[in-house]
Amino acid sequence: MMGTAPDAAIDVSRESSETGLPIIKKVEVDLKINLMESRALPALDQLLKDEKILFFSKSLIYIFFPEQDTNENESSFDYAFVDAHKDNYRNYRETLMTLFKVGGIVIYDNTLWGGTVAMAEEQVPEILRSTRQPNWNLDKLFASSGPIR
Ligand SMILES: C[S@@+](CC[C@H](N)C(=O)[O-])C[C@H]1O[C@@H](n2cnc3c(N)ncnc32)[C@H](O)[C@@H]1O
C-alpha cells in the first residue's frame, strides 16, 4: 500500500546528526524530520515498513514498532541525498528503488570523484588512483574503526 513518505535523516554517528541539528532547528523543520541514528541499510529496510521507527527528541528516544509486516512506504519517496558508505551505494539503491516514486530523484555524492572516474590513469593524481577503482574499499582507509555497513 502506498503511504505518505516521512522526512528522514539517517546517520550512524550521533555526532554527525547533532552537527546538522542546529540548522534543522533554525529552519524549523525539526518536528518534521526523523533523525535516525543507525547504519543506512537496516534503517532503509525499516523505513520501507514504517515511517515512525526512531524519533530522537532531546535526550528521549521513542521507538515505534510496526503493527504488521507491511511495506507502508513503498513508492512514496521523491528525493534522497546519499552520502554514506561508498561501497554500499549499490545496496542502498536496491531499497531506494522500492521506496521511490516513479520520477523520484536520488543524488549520490562523490560518484565523479573529482572528475577522476573519467580520466585516463596517467592523468589522475597519484593519491586518487586507488580510490577511484570500482572495488576500492573505504574500510581500508578507516581500518582502525572497522567496517560500517
Ligand atoms: C562525508 S560525511 C557526509 C555528511 C553530510 N552528508 C554532509 O555533507 O555534511 C559521511 C557521513 O556518513 C555517515 N556514515 C558512514 N557510513 C555510514 C553507514 N553505513 N550508515 C549510515 N551512515 C554512515 C558518517 O557518520 C558521516 O556522517
# chains A, B, ... in the order shown; residues from 1 in each chain; ligands from 1
>>> residues_around(residues="region 78-93 of chain A", least_positions_apart="6", cutoff="7 Å", atoms="only C-alpha atoms", output="number ranges by chain")
A: 41, 100-101, 104-109, 137-138
>>> select_by_dssp(residues="region 8-131 of chain A", states="strand (DSSP E or B)", output="PyMOL selection string")
chain A and resi 8-11+33-37+54-57+60-63+77-82+100-108
>>> closest_atom_pairs(of="chain A", to="ligand 1", cutoff="6 Å", atoms="only C-alpha atoms and all ligand atoms", output="Markdown table")
| residue | atom | partner | partner_atom_place_in_ligand_line | distance |
| --- | --- | --- | --- | --- |
| A:Ile10 | CA | ligand 1 | 21 (C) | 6.0 |
| A:Asp11 | CA | ligand 1 | 22 (N) | 3.8 |
| A:Val12 | CA | ligand 1 | 22 (N) | 4.2 |
| A:Ser13 | CA | ligand 1 | 25 (O) | 4.4 |
| A:Ser16 | CA | ligand 1 | 27 (O) | 4.6 |
| A:Ser38 | CA | ligand 1 | 21 (C) | 5.9 |
| A:Arg39 | CA | ligand 1 | 20 (N) | 3.5 |
| A:Ala40 | CA | ligand 1 | 20 (N) | 3.8 |
| A:Asp83 | CA | ligand 1 | 6 (N) | 5.0 |
| A:Ala84 | CA | ligand 1 | 12 (O) | 3.7 |
| A:His85 | CA | ligand 1 | 16 (N) | 4.1 |
| A:Ile148 | CA | ligand 1 | 19 (N) | 4.8 |
| A:Arg149 | CA | ligand 1 | 19 (N) | 4.1 |
>>> write_last_selection(atoms="N, CA and C atoms", output="PDB file, in the first residue's frame")
ATOM      1  N   ILE A  10      19.303   9.815   8.049  1.00  0.00           N
ATOM      2  CA  ILE A  10      19.941   8.630   8.644  1.00  0.00           C
ATOM      3  C   ILE A  10      21.437   8.884   8.775  1.00  0.00           C
ATOM      4  N   ASP A  11      21.980   8.635   9.947  1.00  0.00           N
ATOM      5  CA  ASP A  11      23.443   8.648  10.098  1.00  0.00           C
ATOM      6  C   ASP A  11      23.809   7.713  11.238  1.00  0.00           C
ATOM      7  N   VAL A  12      24.875   6.953  11.042  1.00  0.00           N
ATOM      8  CA  VAL A  12      25.306   6.011  12.060  1.00  0.00           C
ATOM      9  C   VAL A  12      25.939   6.745  13.247  1.00  0.00           C
ATOM     10  N   SER A  13      26.346   7.975  13.018  1.00  0.00           N
ATOM     11  CA  SER A  13      27.034   8.736  14.060  1.00  0.00           C
ATOM     12  C   SER A  13      26.129   9.808  14.654  1.00  0.00           C
ATOM     13  N   SER A  16      27.548  13.287  14.058  1.00  0.00           N
ATOM     14  CA  SER A  16      27.254  13.885  12.743  1.00  0.00           C
ATOM     15  C   SER A  16      25.845  14.446  12.722  1.00  0.00           C
ATOM     16  N   SER A  38      21.529   5.254  12.915  1.00  0.00           N
ATOM     17  CA  SER A  38      21.570   3.853  12.500  1.00  0.00           C
ATOM     18  C   SER A  38      22.486   3.690  11.301  1.00  0.00           C
ATOM     19  N   ARG A  39      22.922   2.466  11.072  1.00  0.00           N
ATOM     20  CA  ARG A  39      23.537   2.155   9.790  1.00  0.00           C
ATOM     21  C   ARG A  39      22.461   2.294   8.722  1.00  0.00           C
ATOM     22  N   ALA A  40      22.878   2.667   7.522  1.00  0.00           N
ATOM     23  CA  ALA A  40      21.906   3.013   6.490  1.00  0.00           C
ATOM     24  C   ALA A  40      21.042   1.828   6.036  1.00  0.00           C
ATOM     25  N   ASP A  83      25.100  10.017   0.946  1.00  0.00           N
ATOM     26  CA  ASP A  83      26.489  10.441   1.169  1.00  0.00           C
ATOM     27  C   ASP A  83      27.087   9.630   2.311  1.00  0.00           C
ATOM     28  N   ALA A  84      26.919   8.307   2.252  1.00  0.00           N
ATOM     29  CA  ALA A  84      27.411   7.470   3.351  1.00  0.00           C
ATOM     30  C   ALA A  84      28.493   6.522   2.835  1.00  0.00           C
ATOM     31  N   HIS A  85      28.429   5.273   3.250  1.00  0.00           N
ATOM     32  CA  HIS A  85      29.454   4.273   2.941  1.00  0.00           C
ATOM     33  C   HIS A  85      29.462   3.948   1.443  1.00  0.00           C
ATOM     34  N   ILE A 148      31.759  -0.324   8.589  1.00  0.00           N
ATOM     35  CA  ILE A 148      30.426   0.150   8.952  1.00  0.00           C
ATOM     36  C   ILE A 148      29.496  -0.186   7.803  1.00  0.00           C
ATOM     37  N   ARG A 149      28.555  -1.032   8.003  1.00  0.00           N
ATOM     38  CA  ARG A 149      27.624  -1.371   6.935  1.00  0.00           C
ATOM     39  C   ARG A 149      26.278  -0.767   7.242  1.00  0.00           C
TER      40      ARG A 149
END
>>> residues_around(residues="Asp7 (chain A)", least_positions_apart="4", cutoff="9 Å", atoms="only C-alpha atoms", output="ChimeraX atom specification")
/A:32-35,51,77
>>> write_last_selection(atoms="C-alpha atoms", output="PDB file, in the first residue's frame")
ATOM      1  CA  LYS A  32       9.093  17.040  10.590  1.00  0.00           C
ATOM      2  CA  ILE A  33      12.340  15.099  10.300  1.00  0.00           C
ATOM      3  CA  ASN A  34      13.050  11.721  11.845  1.00  0.00           C
ATOM      4  CA  LEU A  35      16.737  11.693  12.740  1.00  0.00           C
ATOM      5  CA  GLU A  51       7.520   5.755   8.831  1.00  0.00           C
ATOM      6  CA  PHE A  77       9.627   8.943  -1.530  1.00  0.00           C
TER       7      PHE A  77
END
>>> residues_around(residues="Asn71 (chain A)", least_positions_apart="2", cutoff="6 Å", atoms="only C-alpha atoms", output="PyMOL selection string")
chain A and resi 48-49+73-74
>>> write_last_selection(atoms="N, CA and C atoms", output="mmCIF file, in the first residue's frame")
data_model
loop_
_atom_site.group_PDB
_atom_site.id
_atom_site.type_symbol
_atom_site.label_atom_id
_atom_site.label_comp_id
_atom_site.auth_asym_id
_atom_site.auth_seq_id
_atom_site.Cartn_x
_atom_site.Cartn_y
_atom_site.Cartn_z
ATOM 1 N N LEU A 48 11.059 1.347 4.906
ATOM 2 C CA LEU A 48 10.152 0.732 3.943
ATOM 3 C C LEU A 48 8.889 0.230 4.647
ATOM 4 N N LYS A 49 9.080 -0.260 5.880
ATOM 5 C CA LYS A 49 7.958 -0.857 6.600
ATOM 6 C C LYS A 49 7.111 0.148 7.353
ATOM 7 N N ASN A 73 5.714 2.367 3.135
ATOM 8 C CA ASN A 73 6.290 3.499 2.407
ATOM 9 C C ASN A 73 6.730 3.180 0.987
ATOM 10 N N GLU A 74 6.344 2.020 0.499
ATOM 11 C CA GLU A 74 6.735 1.670 -0.868
ATOM 12 C C GLU A 74 6.250 2.736 -1.855
#
>>> atom_distance(atom1="CA of Ser75 (chain A)", atom2="CA of Arg14 (chain A)")
28.3 Å
>>> residues_around(residues="Pro125 (chain A)", least_positions_apart="6", cutoff="12 Å", atoms="only C-alpha atoms", output="PyMOL selection string")
chain A and resi 113-117+119+131-132
>>> write_last_selection(atoms="N, CA and C atoms", output="PDB file, in the first residue's frame")
ATOM      1  N   TRP A 113      34.122  11.617  -8.217  1.00  0.00           N
ATOM      2  CA  TRP A 113      35.410  11.597  -7.502  1.00  0.00           C
ATOM      3  C   TRP A 113      36.369  12.636  -8.087  1.00  0.00           C
ATOM      4  N   GLY A 114      35.910  13.893  -8.088  1.00  0.00           N
ATOM      5  CA  GLY A 114      36.718  14.997  -8.597  1.00  0.00           C
ATOM      6  C   GLY A 114      36.985  14.923 -10.090  1.00  0.00           C
ATOM      7  N   GLY A 115      36.139  14.183 -10.803  1.00  0.00           N
ATOM      8  CA  GLY A 115      36.329  14.038 -12.255  1.00  0.00           C
ATOM      9  C   GLY A 115      37.264  12.894 -12.623  1.00  0.00           C
ATOM     10  N   THR A 116      37.860  12.248 -11.628  1.00  0.00           N
ATOM     11  CA  THR A 116      38.883  11.233 -11.923  1.00  0.00           C
ATOM     12  C   THR A 116      38.303   9.961 -12.541  1.00  0.00           C
ATOM     13  N   VAL A 117      37.009   9.708 -12.352  1.00  0.00           N
ATOM     14  CA  VAL A 117      36.423   8.481 -12.934  1.00  0.00           C
ATOM     15  C   VAL A 117      36.474   8.512 -14.458  1.00  0.00           C
ATOM     16  N   MET A 119      38.943  10.164 -16.188  1.00  0.00           N
ATOM     17  CA  MET A 119      40.307  10.487 -16.658  1.00  0.00           C
ATOM     18  C   MET A 119      41.084   9.229 -17.026  1.00  0.00           C
ATOM     19  N   THR A 131      41.622   5.022  -5.014  1.00  0.00           N
ATOM     20  CA  THR A 131      40.260   5.269  -4.536  1.00  0.00           C
ATOM     21  C   THR A 131      39.232   5.409  -5.651  1.00  0.00           C
ATOM     22  N   ARG A 132      39.662   5.523  -6.906  1.00  0.00           N
ATOM     23  CA  ARG A 132      38.672   5.611  -7.979  1.00  0.00           C
ATOM     24  C   ARG A 132      38.353   4.233  -8.575  1.00  0.00           C
TER      25      ARG A 132
END
>>> closest_residue(among="A:Ile23, A:Gln133, A:Ala8, A:Leu112", to="Glu37 (chain A)", atoms="only C-alpha atoms")
A:Ala8
>>> atom_distance(atom1="CA of Ser17 (chain A)", atom2="CA of Leu99 (chain A)")
22.3 Å
>>> atom_distance(atom1="CA of Thr98 (chain A)", atom2="CA of Leu31 (chain A)")
25.6 Å
